[in-house]
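The structure under discussion appears below in the form of structure tokens.
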Amino acid sequence: MISRPSLAAATRLYLRREAQAHYHWRFGLLVGAAVAIPLVVGELTEARQAALIGALAAWFMALAIPPRTVLERAVTLGQRLLLLTATSALGLLTAHHLLWTALVIVVLALMIPVPGMTITPLIIFIMATSAPHGITAPAYLQAFFLSGTAATALLLIPAAASPVAPPVTGLTCPHPYRRLAAHIRSRSPQARYALQAAVCICVGYVTLTALHWPHASWVLVGVLTTLRPSWDATEARLVKRSIGMVGGSALTPLLLLICAHTGYWITLTLIAVLAGLARPLRQYNYGYWPILGTPVLMLLGSLATPLTTTDAAWRLGNNLLGAAITLLAVTLLWPHADQRRRHRPDSSVSTDVGPCGRSTVDLRAGSDRGRQL
């Protein structure tokens with residue numbers, strides 16, 4: 001049974017806003033438009049599968065925090081688009097080849113500390129390995145790239161710039177692999193974190209595939225979105241994401257029911273509105289973001305395959321399973337000193353998600369640019 005002090009501490013942590021908390025509603029409007037555009041085009045051209053892929057591309061492009069200047073946004077978003085398109089191609093190539101898929105998972109996980117990589121390419125790769133039926137690989141990549149390009153163009157509008165993003169000191173990182181090698185040699189928190197991610201995601205993917213686990217990718221995403229290089233950051237993600245997922249999974253069945261009795265255009269409108277409302281919440285309170293972000297992804301998925309309340313329950317259960325795996329990883333898989341739980345009188349922590357989208361509660365965990373999901 002959870003003690004009252006523990007429950008109170010978790011509640012305080014969940015409700016605590018991010019450092020430099022702000023709700024950038026103008027950015028939210030652009031995100032909603034970016035997600036809606038491929039859905040509209042897909043319906044008009046009778047290509048709903050491509051529309052789904054395009055909307056997901058726009059969604060993941062918008063998870064980056066836009067720098068302040070147009071040039072900085074053009075370079076960082078352009079690099080992100082090319083990287084995510086390339087990992088999509090890898091996922092399509094290795095789909096149904098377990099050994100090659102596992103190998104690429106390990107490589108992408110170990111590259112997480114490389115500036116600009118983040119966990120997003122790995123998520124996109126996993127998503128591409130289970131591409132929906134009825135769409136060819138060239139059509140998948142075309143939809144992903146074109147919709148990502150449209151999202152990038154929208155995010156170049158001045159209103160998209162983050163009001164708290166610090167100036168970019170350099171548009172590229174010289175010798176990124178030397179940085180990775182330095183992390184490995186020094187046995188830094190980032191290197192240990194990347195190794196834990198590689199083991200968890202590779203073993204998890206192989207095991208869940210062998211078991212034919214329903215919606216297995218949600219378990220893997222649950223690990224990637226909660227595992228962090230420091231205990232404070234991991235604890236904050238575990239609490240905020242898990243509680244937020246409960247709210248999002250409770251809201252999803254109602255929205256699925258509404259969409260089932262209305263039509264495509266109502267679903268599209270709900271997706272666009274929820275996406276626009278949800279995205280700015282990441283920089284206000286990460287715990288609120290899954291409440292609206294979960295229905296966005298579930299409604300998008302329902303465009304390819306009808307989803308039910310059972311699927312919403314699987315979404316919650318699989319993400320909580322991913323959180324449990326994260327706890328095991330930071331306990332058993334060679335945890336760095338920064339990842340070990342520190343007993344303190346006041347369990348409150350500051351969960352500053354800085355301009356790179358990565359928690360900076362522990363400065364020793366590093367603050368490389370581009371650490372957004």
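Residue numbering restarts at 1 for every chain of the structure tokens, chains are lettered A, B, ... in their displayed order, and ligands are numbered from 1 as they appear.
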Excluding Gly301 (chain A) and any residue of its chain fewer than 6 positions from it, enumerate the residues within 12 Å of it, using only C-alpha atoms, and give them as a PDB file with all heavy atoms, in the first residue's frame.
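Written file, selection20.pdb:
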```pdb
ATOM      1  N   ARG A  48      -5.904   7.777 -47.128  1.00  0.00           N
ATOM      2  CA  ARG A  48      -5.933   7.931 -45.674  1.00  0.00           C
ATOM      3  C   ARG A  48      -4.713   7.328 -44.986  1.00  0.00           C
ATOM      4  O   ARG A  48      -4.272   7.837 -43.961  1.00  0.00           O
ATOM      5  CB  ARG A  48      -7.211   7.308 -45.107  1.00  0.00           C
ATOM      6  CG  ARG A  48      -8.464   8.118 -45.379  1.00  0.00           C
ATOM      7  CD  ARG A  48      -9.612   7.636 -44.514  1.00  0.00           C
ATOM      8  NE  ARG A  48     -10.827   8.394 -44.753  1.00  0.00           N
ATOM      9  CZ  ARG A  48     -11.971   8.175 -44.093  1.00  0.00           C
ATOM     10  NH1 ARG A  48     -12.022   7.222 -43.170  1.00  0.00           N
ATOM     11  NH2 ARG A  48     -13.047   8.895 -44.351  1.00  0.00           N
ATOM     12  N   GLN A  49      -4.188   6.232 -45.531  1.00  0.00           N
ATOM     13  CA  GLN A  49      -2.999   5.644 -44.920  1.00  0.00           C
ATOM     14  C   GLN A  49      -1.822   6.621 -44.990  1.00  0.00           C
ATOM     15  O   GLN A  49      -1.089   6.800 -44.011  1.00  0.00           O
ATOM     16  CB  GLN A  49      -2.633   4.327 -45.616  1.00  0.00           C
ATOM     17  CG  GLN A  49      -3.683   3.244 -45.511  1.00  0.00           C
ATOM     18  CD  GLN A  49      -3.695   2.613 -44.119  1.00  0.00           C
ATOM     19  OE1 GLN A  49      -3.095   3.111 -43.186  1.00  0.00           O
ATOM     20  NE2 GLN A  49      -4.413   1.502 -43.973  1.00  0.00           N
ATOM     21  N   ALA A  51      -2.131   9.775 -45.229  1.00  0.00           N
ATOM     22  CA  ALA A  51      -2.486  10.901 -44.361  1.00  0.00           C
ATOM     23  C   ALA A  51      -2.075  10.625 -42.921  1.00  0.00           C
ATOM     24  O   ALA A  51      -1.575  11.512 -42.211  1.00  0.00           O
ATOM     25  CB  ALA A  51      -3.984  11.163 -44.442  1.00  0.00           C
ATOM     26  N   LEU A  52      -2.287   9.391 -42.470  1.00  0.00           N
ATOM     27  CA  LEU A  52      -1.895   9.010 -41.111  1.00  0.00           C
ATOM     28  C   LEU A  52      -0.390   9.160 -40.919  1.00  0.00           C
ATOM     29  O   LEU A  52       0.067   9.735 -39.921  1.00  0.00           O
ATOM     30  CB  LEU A  52      -2.324   7.574 -40.836  1.00  0.00           C
ATOM     31  CG  LEU A  52      -1.742   6.904 -39.586  1.00  0.00           C
ATOM     32  CD1 LEU A  52      -2.151   7.662 -38.336  1.00  0.00           C
ATOM     33  CD2 LEU A  52      -2.180   5.450 -39.521  1.00  0.00           C
ATOM     34  N   ILE A  53       0.392   8.637 -41.866  1.00  0.00           N
ATOM     35  CA  ILE A  53       1.853   8.737 -41.768  1.00  0.00           C
ATOM     36  C   ILE A  53       2.282  10.200 -41.783  1.00  0.00           C
ATOM     37  O   ILE A  53       3.155  10.625 -41.017  1.00  0.00           O
ATOM     38  CB  ILE A  53       2.527   7.972 -42.924  1.00  0.00           C
ATOM     39  CG1 ILE A  53       2.103   6.501 -42.912  1.00  0.00           C
ATOM     40  CG2 ILE A  53       4.036   8.103 -42.834  1.00  0.00           C
ATOM     41  CD1 ILE A  53       2.340   5.793 -41.606  1.00  0.00           C
ATOM     42  N   ALA A  55       0.545  12.852 -40.830  1.00  0.00           N
ATOM     43  CA  ALA A  55       0.176  13.516 -39.575  1.00  0.00           C
ATOM     44  C   ALA A  55       1.150  13.150 -38.464  1.00  0.00           C
ATOM     45  O   ALA A  55       1.522  14.006 -37.644  1.00  0.00           O
ATOM     46  CB  ALA A  55      -1.250  13.145 -39.189  1.00  0.00           C
ATOM     47  N   LEU A  56       1.576  11.888 -38.423  1.00  0.00           N
ATOM     48  CA  LEU A  56       2.556  11.474 -37.417  1.00  0.00           C
ATOM     49  C   LEU A  56       3.898  12.161 -37.647  1.00  0.00           C
ATOM     50  O   LEU A  56       4.585  12.550 -36.692  1.00  0.00           O
ATOM     51  CB  LEU A  56       2.725   9.958 -37.452  1.00  0.00           C
ATOM     52  CG  LEU A  56       1.556   9.145 -36.893  1.00  0.00           C
ATOM     53  CD1 LEU A  56       1.741   7.655 -37.177  1.00  0.00           C
ATOM     54  CD2 LEU A  56       1.409   9.370 -35.382  1.00  0.00           C
ATOM     55  N   MET A 127       8.370   2.664 -35.151  1.00  0.00           N
ATOM     56  CA  MET A 127       7.079   2.915 -35.783  1.00  0.00           C
ATOM     57  C   MET A 127       7.073   2.413 -37.229  1.00  0.00           C
ATOM     58  O   MET A 127       6.098   1.807 -37.691  1.00  0.00           O
ATOM     59  CB  MET A 127       6.771   4.418 -35.740  1.00  0.00           C
ATOM     60  CG  MET A 127       5.412   4.804 -36.290  1.00  0.00           C
ATOM     61  SD  MET A 127       5.114   6.595 -36.159  1.00  0.00           S
ATOM     62  CE  MET A 127       6.085   7.192 -37.559  1.00  0.00           C
ATOM     63  N   ALA A 131       4.691  -0.594 -39.984  1.00  0.00           N
ATOM     64  CA  ALA A 131       3.890   0.304 -40.820  1.00  0.00           C
ATOM     65  C   ALA A 131       2.539  -0.327 -41.127  1.00  0.00           C
ATOM     66  O   ALA A 131       2.418  -1.548 -41.265  1.00  0.00           O
ATOM     67  CB  ALA A 131       4.635   0.588 -42.123  1.00  0.00           C
ATOM     68  N   PRO A 132       1.498   0.502 -41.216  1.00  0.00           N
ATOM     69  CA  PRO A 132       0.160  -0.044 -41.487  1.00  0.00           C
ATOM     70  C   PRO A 132       0.084  -0.716 -42.850  1.00  0.00           C
ATOM     71  O   PRO A 132       0.808  -0.355 -43.782  1.00  0.00           O
ATOM     72  CB  PRO A 132      -0.747   1.190 -41.422  1.00  0.00           C
ATOM     73  CG  PRO A 132       0.161   2.353 -41.667  1.00  0.00           C
ATOM     74  CD  PRO A 132       1.486   1.969 -41.073  1.00  0.00           C
ATOM     75  N   HIS A 215       0.177  -4.332 -29.377  1.00  0.00           N
ATOM     76  CA  HIS A 215       0.687  -2.957 -29.315  1.00  0.00           C
ATOM     77  C   HIS A 215       2.038  -2.899 -28.597  1.00  0.00           C
ATOM     78  O   HIS A 215       2.270  -2.060 -27.717  1.00  0.00           O
ATOM     79  CB  HIS A 215      -0.314  -2.052 -28.605  1.00  0.00           C
ATOM     80  CG  HIS A 215      -1.692  -2.078 -29.186  1.00  0.00           C
ATOM     81  ND1 HIS A 215      -1.973  -1.645 -30.470  1.00  0.00           N
ATOM     82  CD2 HIS A 215      -2.879  -2.495 -28.660  1.00  0.00           C
ATOM     83  CE1 HIS A 215      -3.268  -1.782 -30.714  1.00  0.00           C
ATOM     84  NE2 HIS A 215      -3.842  -2.295 -29.628  1.00  0.00           N
ATOM     85  N   THR A 252      -9.739   8.920 -23.754  1.00  0.00           N
ATOM     86  CA  THR A 252      -9.730   8.368 -25.114  1.00  0.00           C
ATOM     87  C   THR A 252     -10.999   7.606 -25.493  1.00  0.00           C
ATOM     88  O   THR A 252     -11.538   7.813 -26.595  1.00  0.00           O
ATOM     89  CB  THR A 252      -8.490   7.474 -25.309  1.00  0.00           C
ATOM     90  OG1 THR A 252      -7.312   8.274 -25.178  1.00  0.00           O
ATOM     91  CG2 THR A 252      -8.501   6.822 -26.677  1.00  0.00           C
ATOM     92  N   LEU A 256     -13.190   8.276 -28.840  1.00  0.00           N
ATOM     93  CA  LEU A 256     -13.358   7.234 -29.869  1.00  0.00           C
ATOM     94  C   LEU A 256     -14.830   6.967 -30.143  1.00  0.00           C
ATOM     95  O   LEU A 256     -15.238   6.754 -31.296  1.00  0.00           O
ATOM     96  CB  LEU A 256     -12.666   5.941 -29.426  1.00  0.00           C
ATOM     97  CG  LEU A 256     -11.137   5.937 -29.423  1.00  0.00           C
ATOM     98  CD1 LEU A 256     -10.614   4.643 -28.809  1.00  0.00           C
ATOM     99  CD2 LEU A 256     -10.587   6.092 -30.848  1.00  0.00           C
ATOM    100  N   THR A 267     -13.467  13.729 -36.594  1.00  0.00           N
ATOM    101  CA  THR A 267     -12.239  13.150 -36.053  1.00  0.00           C
ATOM    102  C   THR A 267     -11.043  14.040 -36.355  1.00  0.00           C
ATOM    103  O   THR A 267     -10.204  14.297 -35.482  1.00  0.00           O
ATOM    104  CB  THR A 267     -12.007  11.742 -36.634  1.00  0.00           C
ATOM    105  OG1 THR A 267     -13.142  10.923 -36.372  1.00  0.00           O
ATOM    106  CG2 THR A 267     -10.760  11.105 -36.043  1.00  0.00           C
ATOM    107  N   LEU A 268     -10.964  14.497 -37.596  1.00  0.00           N
ATOM    108  CA  LEU A 268      -9.862  15.388 -37.998  1.00  0.00           C
ATOM    109  C   LEU A 268      -9.851  16.652 -37.142  1.00  0.00           C
ATOM    110  O   LEU A 268      -8.789  17.087 -36.665  1.00  0.00           O
ATOM    111  CB  LEU A 268     -10.000  15.737 -39.474  1.00  0.00           C
ATOM    112  CG  LEU A 268      -8.883  16.531 -40.159  1.00  0.00           C
ATOM    113  CD1 LEU A 268      -8.914  16.281 -41.657  1.00  0.00           C
ATOM    114  CD2 LEU A 268      -9.007  18.039 -39.902  1.00  0.00           C
ATOM    115  N   ILE A 271      -8.620  15.894 -33.630  1.00  0.00           N
ATOM    116  CA  ILE A 271      -7.178  15.660 -33.626  1.00  0.00           C
ATOM    117  C   ILE A 271      -6.423  16.982 -33.683  1.00  0.00           C
ATOM    118  O   ILE A 271      -5.475  17.214 -32.912  1.00  0.00           O
ATOM    119  CB  ILE A 271      -6.773  14.755 -34.815  1.00  0.00           C
ATOM    120  CG1 ILE A 271      -7.281  13.330 -34.585  1.00  0.00           C
ATOM    121  CG2 ILE A 271      -5.254  14.750 -34.998  1.00  0.00           C
ATOM    122  CD1 ILE A 271      -7.103  12.414 -35.792  1.00  0.00           C
ATOM    123  N   THR A 294      -2.210  11.664 -25.563  1.00  0.00           N
ATOM    124  CA  THR A 294      -2.624  10.269 -25.770  1.00  0.00           C
ATOM    125  C   THR A 294      -3.829  10.154 -26.704  1.00  0.00           C
ATOM    126  O   THR A 294      -3.809   9.349 -27.646  1.00  0.00           O
ATOM    127  CB  THR A 294      -2.921   9.598 -24.417  1.00  0.00           C
ATOM    128  OG1 THR A 294      -1.736   9.604 -23.619  1.00  0.00           O
ATOM    129  CG2 THR A 294      -3.406   8.174 -24.600  1.00  0.00           C
ATOM    130  N   PRO A 295      -4.911  10.931 -26.489  1.00  0.00           N
ATOM    131  CA  PRO A 295      -6.026  10.847 -27.436  1.00  0.00           C
ATOM    132  C   PRO A 295      -5.646  11.227 -28.867  1.00  0.00           C
ATOM    133  O   PRO A 295      -6.193  10.662 -29.816  1.00  0.00           O
ATOM    134  CB  PRO A 295      -7.047  11.843 -26.858  1.00  0.00           C
ATOM    135  CG  PRO A 295      -6.728  11.921 -25.409  1.00  0.00           C
ATOM    136  CD  PRO A 295      -5.241  11.777 -25.332  1.00  0.00           C
ATOM    137  N   LEU A 307     -10.251   1.476 -33.322  1.00  0.00           N
ATOM    138  CA  LEU A 307      -9.787   1.200 -31.967  1.00  0.00           C
ATOM    139  C   LEU A 307     -10.952   1.257 -30.990  1.00  0.00           C
ATOM    140  O   LEU A 307     -11.952   1.930 -31.240  1.00  0.00           O
ATOM    141  CB  LEU A 307      -8.705   2.205 -31.558  1.00  0.00           C
ATOM    142  CG  LEU A 307      -7.430   2.219 -32.415  1.00  0.00           C
ATOM    143  CD1 LEU A 307      -6.468   3.277 -31.919  1.00  0.00           C
ATOM    144  CD2 LEU A 307      -6.757   0.851 -32.421  1.00  0.00           C
ATOM    145  N   THR A 308     -10.815   0.553 -29.879  1.00  0.00           N
ATOM    146  CA  THR A 308     -11.879   0.467 -28.889  1.00  0.00           C
ATOM    147  C   THR A 308     -11.341   0.817 -27.508  1.00  0.00           C
ATOM    148  O   THR A 308     -10.162   1.143 -27.336  1.00  0.00           O
ATOM    149  CB  THR A 308     -12.479  -0.952 -28.850  1.00  0.00           C
ATOM    150  OG1 THR A 308     -11.473  -1.859 -28.390  1.00  0.00           O
ATOM    151  CG2 THR A 308     -12.948  -1.379 -30.243  1.00  0.00           C
ATOM    152  N   ASP A 311      -8.291  -1.090 -26.525  1.00  0.00           N
ATOM    153  CA  ASP A 311      -7.016  -0.554 -27.015  1.00  0.00           C
ATOM    154  C   ASP A 311      -6.511   0.568 -26.111  1.00  0.00           C
ATOM    155  O   ASP A 311      -5.310   0.686 -25.871  1.00  0.00           O
ATOM    156  CB  ASP A 311      -7.174  -0.045 -28.444  1.00  0.00           C
ATOM    157  CG  ASP A 311      -7.514  -1.161 -29.417  1.00  0.00           C
ATOM    158  OD1 ASP A 311      -6.666  -2.050 -29.613  1.00  0.00           O
ATOM    159  OD2 ASP A 311      -8.628  -1.152 -29.957  1.00  0.00           O
ATOM    160  N   ALA A 312      -7.438   1.388 -25.607  1.00  0.00           N
ATOM    161  CA  ALA A 312      -7.042   2.441 -24.671  1.00  0.00           C
ATOM    162  C   ALA A 312      -6.462   1.837 -23.397  1.00  0.00           C
ATOM    163  O   ALA A 312      -5.487   2.354 -22.828  1.00  0.00           O
ATOM    164  CB  ALA A 312      -8.229   3.335 -24.343  1.00  0.00           C
ATOM    165  N   ARG A 315      -3.037   0.711 -24.146  1.00  0.00           N
ATOM    166  CA  ARG A 315      -2.145   1.880 -24.206  1.00  0.00           C
ATOM    167  C   ARG A 315      -1.632   2.225 -22.814  1.00  0.00           C
ATOM    168  O   ARG A 315      -0.434   2.443 -22.609  1.00  0.00           O
ATOM    169  CB  ARG A 315      -2.905   3.062 -24.808  1.00  0.00           C
ATOM    170  CG  ARG A 315      -2.128   4.373 -24.846  1.00  0.00           C
ATOM    171  CD  ARG A 315      -1.240   4.461 -26.049  1.00  0.00           C
ATOM    172  NE  ARG A 315      -0.438   5.665 -26.060  1.00  0.00           N
ATOM    173  CZ  ARG A 315       0.383   5.998 -27.042  1.00  0.00           C
ATOM    174  NH1 ARG A 315       0.489   5.214 -28.091  1.00  0.00           N
ATOM    175  NH2 ARG A 315       1.101   7.096 -26.983  1.00  0.00           N
TER     176      ARG A 315
END
```
Within 6 Å of region 102-107 of chain A, counting only C-alpha atoms, which residues qualify if same-chain residues fewer than 2 places away don't, as a ChimeraX atom specification?
/A:99-100,109-110,198,202
Shell of 7 Å around region 118-125 of chain A, only C-alpha atoms, local chain residues under 2 positions omitted, as a ChimeraX atom specification
/A:83-84,87-88,90-91,105,108-109,112,116,127-129,221,224,370-373
With all heavy atoms retained, write the just-selected residues as a short mmCIF file (atom, residue, chain, number, x, y, z; two decimals), in the first residue's frame.
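Below you can see out27.cif, which holds the result:
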```cif
data_model
loop_
_atom_site.label_atom_id
_atom_site.label_comp_id
_atom_site.auth_asym_id
_atom_site.auth_seq_id
_atom_site.Cartn_x
_atom_site.Cartn_y
_atom_site.Cartn_z
N LEU A 83 16.94 13.35 -40.65
CA LEU A 83 17.26 12.25 -39.75
C LEU A 83 16.07 11.32 -39.56
O LEU A 83 16.20 10.09 -39.63
CB LEU A 83 17.72 12.81 -38.41
CG LEU A 83 18.06 11.80 -37.30
CD1 LEU A 83 19.19 10.88 -37.74
CD2 LEU A 83 18.43 12.53 -36.02
N LEU A 84 14.90 11.89 -39.33
CA LEU A 84 13.71 11.07 -39.09
C LEU A 84 13.28 10.34 -40.36
O LEU A 84 12.79 9.21 -40.30
CB LEU A 84 12.57 11.94 -38.55
CG LEU A 84 12.82 12.61 -37.20
CD1 LEU A 84 11.55 13.29 -36.68
CD2 LEU A 84 13.35 11.62 -36.17
N THR A 87 15.67 7.35 -40.70
CA THR A 87 15.37 6.24 -39.79
C THR A 87 14.05 5.56 -40.16
O THR A 87 13.89 4.37 -39.93
CB THR A 87 15.33 6.72 -38.33
OG1 THR A 87 14.48 7.88 -38.21
CG2 THR A 87 16.71 7.09 -37.84
N SER A 88 13.13 6.31 -40.76
CA SER A 88 11.92 5.68 -41.29
C SER A 88 12.28 4.69 -42.39
O SER A 88 11.75 3.57 -42.44
CB SER A 88 10.96 6.74 -41.84
OG SER A 88 10.44 7.55 -40.82
N LEU A 90 15.09 3.13 -42.77
CA LEU A 90 15.73 1.97 -42.14
C LEU A 90 14.69 1.01 -41.56
O LEU A 90 14.81 -0.21 -41.68
CB LEU A 90 16.68 2.43 -41.03
CG LEU A 90 18.09 2.83 -41.43
CD1 LEU A 90 18.85 3.36 -40.21
CD2 LEU A 90 18.84 1.65 -42.04
N GLY A 91 13.68 1.59 -40.91
CA GLY A 91 12.63 0.76 -40.34
C GLY A 91 11.88 -0.04 -41.38
O GLY A 91 11.55 -1.22 -41.18
N ILE A 105 18.35 -1.13 -33.65
CA ILE A 105 17.89 -0.61 -32.37
C ILE A 105 19.07 -0.33 -31.45
O ILE A 105 19.16 0.73 -30.82
CB ILE A 105 16.91 -1.59 -31.70
CG1 ILE A 105 15.54 -1.52 -32.39
CG2 ILE A 105 16.76 -1.30 -30.22
CD1 ILE A 105 14.55 -2.56 -31.90
N LEU A 108 21.07 2.80 -32.78
CA LEU A 108 20.38 4.06 -32.55
C LEU A 108 20.33 4.41 -31.06
O LEU A 108 20.43 5.58 -30.69
CB LEU A 108 18.96 3.99 -33.12
CG LEU A 108 18.84 3.96 -34.65
CD1 LEU A 108 17.38 3.81 -35.07
CD2 LEU A 108 19.44 5.23 -35.27
N ALA A 109 20.16 3.40 -30.22
CA ALA A 109 20.13 3.66 -28.78
C ALA A 109 21.49 4.14 -28.28
O ALA A 109 21.58 5.09 -27.49
CB ALA A 109 19.69 2.41 -28.03
N ILE A 112 22.22 7.85 -28.82
CA ILE A 112 21.39 8.86 -28.17
C ILE A 112 22.22 10.03 -27.62
O ILE A 112 21.81 11.20 -27.74
CB ILE A 112 20.53 8.23 -27.06
CG1 ILE A 112 19.42 7.38 -27.68
CG2 ILE A 112 19.91 9.29 -26.15
CD1 ILE A 112 18.58 6.61 -26.67
N GLY A 116 21.83 16.16 -31.08
CA GLY A 116 20.87 16.17 -32.17
C GLY A 116 20.19 14.85 -32.43
O GLY A 116 19.20 14.80 -33.17
N MET A 127 8.37 2.66 -35.15
CA MET A 127 7.08 2.91 -35.78
C MET A 127 7.07 2.41 -37.23
O MET A 127 6.10 1.81 -37.69
CB MET A 127 6.77 4.42 -35.74
CG MET A 127 5.41 4.80 -36.29
SD MET A 127 5.11 6.60 -36.16
CE MET A 127 6.09 7.19 -37.56
N ALA A 128 8.19 2.63 -37.95
CA ALA A 128 8.25 2.23 -39.36
C ALA A 128 8.31 0.72 -39.52
O ALA A 128 7.86 0.18 -40.54
CB ALA A 128 9.45 2.88 -40.04
N THR A 129 8.85 0.00 -38.53
CA THR A 129 8.92 -1.46 -38.65
C THR A 129 7.55 -2.11 -38.58
O THR A 129 7.39 -3.27 -38.98
CB THR A 129 9.81 -2.07 -37.53
OG1 THR A 129 9.26 -1.75 -36.26
CG2 THR A 129 11.23 -1.55 -37.63
N VAL A 221 8.09 2.56 -26.21
CA VAL A 221 7.99 4.02 -26.08
C VAL A 221 7.88 4.41 -24.61
O VAL A 221 8.45 5.42 -24.18
CB VAL A 221 6.79 4.55 -26.88
CG1 VAL A 221 6.55 6.03 -26.59
CG2 VAL A 221 7.01 4.35 -28.38
N LEU A 224 11.44 4.47 -23.35
CA LEU A 224 12.25 5.56 -23.89
C LEU A 224 11.84 6.92 -23.34
O LEU A 224 12.68 7.81 -23.18
CB LEU A 224 12.15 5.57 -25.41
CG LEU A 224 12.87 4.43 -26.13
CD1 LEU A 224 12.52 4.41 -27.61
CD2 LEU A 224 14.38 4.55 -25.94
N GLY A 370 19.48 19.92 -28.56
CA GLY A 370 18.72 19.00 -29.40
C GLY A 370 18.22 17.79 -28.66
O GLY A 370 17.88 16.80 -29.29
N ARG A 371 18.17 17.82 -27.32
CA ARG A 371 17.75 16.63 -26.58
C ARG A 371 16.25 16.58 -26.42
O ARG A 371 15.74 16.27 -25.36
CB ARG A 371 18.42 16.60 -25.20
CG ARG A 371 19.91 16.72 -25.20
CD ARG A 371 20.59 15.52 -25.75
NE ARG A 371 20.22 14.32 -25.07
CZ ARG A 371 20.66 13.14 -25.44
NH1 ARG A 371 21.46 13.00 -26.45
NH2 ARG A 371 20.28 12.06 -24.78
N GLN A 372 15.51 16.97 -27.45
CA GLN A 372 14.06 16.86 -27.34
C GLN A 372 13.59 15.50 -27.80
O GLN A 372 14.25 14.85 -28.56
CB GLN A 372 13.38 17.97 -28.14
CG GLN A 372 13.62 17.91 -29.63
CD GLN A 372 14.81 18.72 -30.07
OE1 GLN A 372 15.54 19.24 -29.24
NE2 GLN A 372 15.03 18.82 -31.34
N LEU A 373 12.37 15.17 -27.40
CA LEU A 373 11.81 13.90 -27.81
C LEU A 373 11.38 13.99 -29.25
O LEU A 373 10.57 14.79 -29.58
CB LEU A 373 10.65 13.53 -26.92
CG LEU A 373 9.78 12.39 -27.39
CD1 LEU A 373 10.57 11.11 -27.53
CD2 LEU A 373 8.61 12.17 -26.48
#
```
Å distance separating CA of Gly263 (chain A) from CA of Leu292 (chain A), one decimal place
20.2 Å
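Restricting the calculation to only C-alpha atoms, the smallest distance between Pro113 (chain A) and any of A:Gln190, A:Thr76, A:Ser147, A:Thr331 is found for A:Gln190.
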Smallest atom-to-atom distance to Val70 (chain A): which of A:Leu30, A:Ala143, A:Ile126, A:Ala159, using only C-alpha atoms?
A:Ala159
Can you list, as a PyMOL selection string, every protein, DNA or RNA residue that comes within 7 Å of region 229-231 of chain A when you count only C-alpha atoms, leaving out same-chain residues fewer than 2 positions away?
chain A and resi 189-190+193+233-235+338-341+362+365
Could the residues in this selection be saved with C-alpha atoms as an mmCIF file, in the first residue's frame?
```cif
data_model
loop_
_atom_site.group_PDB
_atom_site.id
_atom_site.type_symbol
_atom_site.label_atom_id
_atom_site.label_comp_id
_atom_site.auth_asym_id
_atom_site.auth_seq_id
_atom_site.Cartn_x
_atom_site.Cartn_y
_atom_site.Cartn_z
ATOM 1 C CA PRO A 189 25.654 9.275 -17.101
ATOM 2 C CA GLN A 190 24.769 9.692 -20.774
ATOM 3 C CA TYR A 193 21.830 5.764 -20.042
ATOM 4 C CA ALA A 233 14.813 13.364 -14.179
ATOM 5 C CA THR A 234 13.711 9.713 -14.328
ATOM 6 C CA GLU A 235 11.537 10.076 -11.222
ATOM 7 C CA ASP A 338 23.497 9.955 -10.729
ATOM 8 C CA GLN A 339 20.762 7.394 -11.443
ATOM 9 C CA ARG A 340 20.627 5.978 -7.930
ATOM 10 C CA ARG A 341 17.772 7.175 -5.801
ATOM 11 C CA ASP A 362 21.005 17.425 -12.520
ATOM 12 C CA ALA A 365 23.519 14.680 -16.625
#
```
Using only C-alpha atoms, which residues sit within 8 Å of Ala21 (chain A) once same-chain residues fewer than 3 positions away are excluded, as a PyMOL selection string?
chain A and resi 17-18+283-285
Separation of CA of Thr45 (chain A) and CA of Thr85 (chain A), in Å?
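Atom-to-atom, CA of Thr45 (chain A) and CA of Thr85 (chain A) are spaced 22.4 Å apart.
Residue nearest His96 (chain A), chosen from A:Ser130, A:Thr69, A:Thr11, A:Ser302 and counting only C-alpha atoms: A:Ser130.
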If DSSP is run on the backbone, what residues of region 42-120 of chain A are alpha helix (DSSP H)? A reply as number ranges by chain would be ideal.
A: 42-44, 48-61, 70-94, 98-110, 120
